[in-house]
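Report on one structure; see the data block that follows.
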Amino acid sequence: MSQVISAPAATARAATPRRDIGIKRRYAAERRFRAYGLAAITFGLLFLFLLVSSVVSKGYTAFEQTMITIPVEFTESAIDKDNERATNPQKLMTANYPVVARNALAKVLGVDPNDRASMRAVGGMLSDSVRTQLRNIVVNNPSVIGTTQPVSLLAHGDIDSAYKGQIDLSVPETNRKVSDKQVGWMNQLAESGALAGHFNTGIFLNGASSRPEAAGVGVAFIGSLYMMLIVLVLSLPIGVAASIYLEEFAPKNRFTDLIEVNINNLAAVPSIVYGLLGLAVFINFAGLPRSAALVGGLVLTLMTLPTIIIATRAALKAVPPSIRAAALGLGASKMQTVFHHVLPLAMPGILTGTIIGLAHALGETAPLLLIGMVAFVADFPGSPLAPSTALPVQIYMWANEAERAFVERTSGAIIILLIFLVLMNLGAILLRRRFERRW
Amino acid sequence: MKNVKFTVALLAASVAFAGAAAARDQVQVAGSSTVLPYAKIVAEAFGETFPNFKTPVVESGGSSAGLKEFCKGVGPETIDVANSSRAIKSSEVEACKAAGVTEIQEVKIGYDGIVFATDSSNKDLAIVPKDIYQALAAEVVVDGKLVANPYKKWSEVNKDLPDVEIAAYIPGEKHGTREVFEEKVLAQGCKDSGAAEAIKGLVADEKEQHSKCVAVRKDGMAVDIDGDYTETLGRIGSNKNGIGVFGLAFYENNADKLKVATVNGIVPSTETIASGEYPVSRPLFFYVKKAHIGVIPGLKEYVEFFTSDDMIGPDSPLAQYGLVAAPDAEREEIRKAFEDGKVM
């Protein structure tokens with residue numbers, strides 16, 4: 001019966017034009033939306049590419065350092081004239097090592113030692129850090145005195161820049177830091193193979209220096225590491241505990257609402273405000289030392305806490321109530337429910353929030369300015385209480401330097417910071433994979 | 001697991017508050033970004049020469065911020081030395097006194113030249129304070145009346161100057177350099193052009209007269225640079241007609257990219273600044289807390305090392321970087337004043 005009725009109806013429908021349900025329009029809208037999305041992603045990628053390529057193209061040369069490898073004569077007369085090193089160990093510390101290095105280079109170049117102007121130009125090709133370089137060799141092994149050893153000496157930052165082609169040598173001699181004579185010597189040494197670029201281990205290992213060729217991010221790296229550890233150790237447990245209490249245990253009333261509003265507000269407070277707070281509380285009131293990584297870590301902890309609390313609360317909220325209900329239904333206590341079921345499921349979200357907070361803290365300089373961490377620190381910090389600085393601070397300070405050789409080192413330090421961040425985020429992804437649970 | 005974490009957190013927090021007031025074993029310096037490169041060179045050499053002392057920590061942040069930190073009080077949690085690109089103000093000395101810093105020793109380290117420079121592709125430039133004043137003042141005197149600065153091109157100010165739009169990058173107000181620029185260039189130009197006389201007739205208050213002379217136009221032709229000289233260099237790189245204000249040391253390190261202007265026909269150099277021929281220069285200082293000498297290890301040695309001829313003499317690393325050394329007699333005086341414990 002139904003077939004009889006439906007058959008003519010079907011033919012009638014086929015004959016009339018299809019009712020317009022906007023299918024074309026809807027497809028077009030979808031295509032447009034996809035195009036917008038694609039454009040947005042391309043735009044973002046383009047800028048990321050521009051940023052990374054400009055940093056890398058400017059900074060990759062920072063990982064190469066020009067060295068001059070020459071035989072250095074550790075003559076007794078220059079280092080320890082009166083042979084008193086056995087009685088006076090201070091003698092080896094204070095000897096005039098730059099002259100030893102200069103004489104060695106002059107000998108290789110065939111410069112007359114009595115030509116004082118030329119000798120000074122020869123000395124200008126070497127870094128002032130040869131003093132510590134040669135001193136360390138001699139102090140560690142006093143038997144080298146009286147012998148000739150091949151040593152790779154640091155070239156001066158200006159020679160380094162000139163060798164890498166970063167100083168315009170076509171301008172008049174008076175308008176640049178390297179003289180024609182020095183350029184001639186540089187080419188002579190480069191031809192003989194004595195002057196060459198080597199991998200720059202100093203940029204990773206050395207502390208801050210006023211000489212670009214000897215400057216490194218070592219102290220800043222250790223300082224950042226200390227601060228990250230302090231932030232992690234303090235803000236993760238405090239943040240997670242606070243959010244679990246607020247989300248799972250606290251009664252919902254005006255007071256907890258007020259707390260929530262305040263936490264959200266704190267997340268948006270400019271970071272310099274935390275610096276002011278740190279100065280007032282940790283340094284002026286508690287009497288902690290200035291420029292210490294501990295104070296930096298505490299300030300950054302305060303700054304990171306709201307981010308972690310917000311992320312953790314969101315992660316806890318995202319766990320379906322059925323999980324809680326099932327656990328409670330099987331007789332688990334409230335605490336067992338939270339720690340055995342809800343928290344493991346929320347872990348990936350908590351970790352993501354923590355890593356975002358840490359990455360944010362790693363990149364901060366403003367709060368560190370007021371607590372004295374935007375500073376020139378040459379000595380490695382032995383503890384979080386010793387003065388240190390941070391990676392972004394080192395970048396900022398190098399960016400303000402006048403010497404040409406610091407331009408590439410600034411970008412080099414940015415590359416190191418980016419690699420540090422990528423490793424951190426990679427670690428977060430791996431951890432998240434491990435903790436990932438499904439329901 | 002959670003318990004362990006909490007214990008660690010509590011321990012860290014208690015260490016934070018209990019470890020307070022630990023004695024400091026390195027000199028702590030803060031202040032002017034102009035003095036910073038010099039202080040860094042000295043601090044580094046100090047650490048290398050005296051292995052028994054730690055390398056001093058040098059913070060940057062500006063003269064005023066440094067002096068403010070300096071005047072916080074006496075004790076290991078306060079800084080020992082404040083670098084400054086200007087002399088300490090009497091209001092700052094008062095603030096210091098109020099906080100217990102009664103004995104301040106002033107140490108002059110030498111002089112710093114302030115130069116005007118354009119992109120190296122430009123023609124040679126010769127300027128006098130009068131031109132700078134007329135090009136950059138907020139109001140100039142025309143027909144005996146103060147009017148908003150009408151000049152748009154350098155050639156309108158002085159027909160010998162290039163026929164390009166005025167664009168000047170001058171240090172922002174938080175810099176100590178700005179004060180020198182105002183005093184030595186704008187106020188001088190105001191006087192030279194006769195505007196000072198005319199303003200005297202128009203404005204009664206003396207302070208007002210001075211501020212009229214040094215007020216800089218705010219219509220975008222003069223740009224305040226609040227960052228460092230690297231920012232000024234960047235601005236000049238993107239606007240080849242722009243003229244920027246630099247420290248002599250910065251210019252000398254970037255002389256292949258910049259062309260320096262003569263002022264009153266004098267080329268800025270360490271020699272012309274030391275002799276006083278080049279008009280735009282200023283002394284650089286640092287201030288030492290006398291109460292910390294003998295308490296903070298290495299402080300006395302640091303100051304003595306800084307003021308030695310090996311550091312601030314005419315043939316020293318600081319002079320090589322761009323510091324204009326003080327004359328021999330003055331350096332001798334500086335050393336003697338510190339040794340005698342002369343306070344302000």
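Naming works like this for the structure tokens: A, B, ... for the chains as they're shown, residue 1 at the start of each chain, ligands 1 onward in shown order.
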Ile132 (chain B) surroundings by only C-alpha atoms, 9 Å radius, close-in-sequence under 5 positions cut, as a PyMOL selection string = chain B and resi 127+137+157+185-186+189
Keeping only N, CA and C atoms, write the selected residues to a file as a PDB file, in the first residue's frame.
ATOM      1  N   ILE B 127      78.489  71.377  11.890  1.00  0.00           N
ATOM      2  CA  ILE B 127      77.373  72.029  12.567  1.00  0.00           C
ATOM      3  C   ILE B 127      77.888  72.924  13.690  1.00  0.00           C
ATOM      4  N   ALA B 137      64.580  73.115  18.521  1.00  0.00           N
ATOM      5  CA  ALA B 137      63.849  73.753  19.614  1.00  0.00           C
ATOM      6  C   ALA B 137      62.345  73.655  19.375  1.00  0.00           C
ATOM      7  N   VAL B 157      67.365  76.155   8.026  1.00  0.00           N
ATOM      8  CA  VAL B 157      68.041  76.663   9.214  1.00  0.00           C
ATOM      9  C   VAL B 157      69.323  77.374   8.806  1.00  0.00           C
ATOM     10  N   VAL B 185      74.617  72.097  24.123  1.00  0.00           N
ATOM     11  CA  VAL B 185      74.248  72.331  22.731  1.00  0.00           C
ATOM     12  C   VAL B 185      73.049  73.266  22.630  1.00  0.00           C
ATOM     13  N   LEU B 186      71.921  72.871  23.225  1.00  0.00           N
ATOM     14  CA  LEU B 186      70.708  73.670  23.043  1.00  0.00           C
ATOM     15  C   LEU B 186      70.819  75.032  23.731  1.00  0.00           C
ATOM     16  N   GLY B 189      73.277  77.087  21.881  1.00  0.00           N
ATOM     17  CA  GLY B 189      72.729  77.543  20.604  1.00  0.00           C
ATOM     18  C   GLY B 189      71.704  78.640  20.805  1.00  0.00           C
TER      19      GLY B 189
END
Fewer than 5 positions away in the same chain doesn't count, so skip those; otherwise give me all residues within 6 Å of Gly73 (chain B), counting only C-alpha atoms, as a PyMOL selection string.
-> chain B and resi 99-101
Please, which residues of chain A lie no more than 9 Å from chain B when the count uses only C-alpha atoms, and can they be set out as a ChimeraX atom specification?
-> /A:93-94,131-132,167-172,174-177,208-211,230,233-235,237-238,282-284,286-291,294-295,298,369-370,372-379,385-388,397,399-404
Skipping near chain neighbours, those fewer than 3 positions away, what residues fall within 10 Å of region 198-212 of chain B using only C-alpha atoms, listed as number ranges by chain?
-> B: 137-146, 182-183, 186-187, 190-191, 193-195, 215-216
Among the residues A:Ile415, A:Leu430, A:Ala62, A:Ile21, the one that comes closest to Gly157 (chain A) [using only C-alpha atoms] |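 Of A:Ile415, A:Leu430, A:Ala62, A:Ile21, the one nearest Gly157 (chain A), counting only C-alpha atoms, is A:Ala62.
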Could you tell me which of B:Ala82, B:Ile266, B:Ala261, B:Ile170 comes closest to Gln105 (chain B) if we count only C-alpha atoms?
-> B:Ala82
Running DSSP on the backbone, which parts of region 258-320 of chain A land in helix (DSSP H, G or I), as an MDAnalysis selection string?
-> chainID A and resid 258:267 271:285 293:317
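Distances here use only C-alpha atoms; by that measure, the residue among B:Val263, B:Val81, B:Ala167, B:Val115 closest to Ser238 (chain B) is B:Ala167.
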Between CA of Lys181 (chain A) and CA of Ile68 (chain A), what is the spacing in Å?
->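 A separation of 16.5 Å between them.
What separates CA of Leu125 (chain B) from CA of Asp158 (chain A) is a distance of 27.4 Å.
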Residues near region 265-276 of chain A, cut-off 6 Å, only C-alpha atoms, skip fewer than 2 positions along chain, as a list in words = Asn262, Ile263, Gly278, Leu279, Pro306, Thr307, Ala366, Pro367 and Leu370 of chain A
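If only C-alpha atoms are the atoms counted, then among A:Glu248, A:Pro142, A:Ser127, A:Leu50 the closest residue to Ala86 (chain A) is A:Pro142.
Distance check against Tyr60 (chain A) using only C-alpha atoms: of A:Leu277, A:Met303, A:Ala390, A:Ile203, the minimum falls on A:Ile203.
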Choose the residue, out of A:Met67, A:Ile429, A:Ala314, A:Leu423, that has the smallest atom-to-atom separation from Val130 (chain A); count only C-alpha atoms.
->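 Closest to Val130 (chain A) of all the choices is A:Met67.
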Set the distance at 8 Å and use only C-alpha atoms: which residues neighbour Val342 (chain A) once local chain neighbours fewer than 3 positions away are removed? I'd like the list as a CSV table (one decimal) with N, CA and C atoms, in the first residue's frame.
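Below is the file around.csv, written as the result:
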chain,number,residue,atom,x,y,z
A,316,LEU,N,41.7,19.9,35.5
A,316,LEU,CA,40.9,19.2,36.4
A,316,LEU,C,39.4,19.2,36.0
A,319,VAL,N,38.2,16.7,33.3
A,319,VAL,CA,38.0,15.3,33.6
A,319,VAL,C,36.5,15.1,33.8
A,323,ILE,N,33.9,9.9,35.9
A,323,ILE,CA,35.0,9.2,36.5
A,323,ILE,C,34.9,9.4,38.0
A,324,ARG,N,34.6,10.6,38.4
A,324,ARG,CA,34.6,10.9,39.9
A,324,ARG,C,33.4,10.1,40.4
A,337,THR,N,39.8,9.4,45.2
A,337,THR,CA,39.2,9.7,43.8
A,337,THR,C,40.1,10.7,43.1
A,338,VAL,N,40.5,11.7,43.9
A,338,VAL,CA,41.3,12.8,43.3
A,338,VAL,C,42.7,12.3,42.9
A,339,PHE,N,43.4,11.6,43.8
A,339,PHE,CA,44.8,11.3,43.5
A,339,PHE,C,44.9,10.0,42.7
A,345,LEU,N,44.5,11.7,35.1
A,345,LEU,CA,43.9,12.0,33.9
A,345,LEU,C,44.2,13.5,33.5
A,346,ALA,N,44.4,14.3,34.5
A,346,ALA,CA,44.6,15.7,34.3
A,346,ALA,C,46.1,16.0,34.1
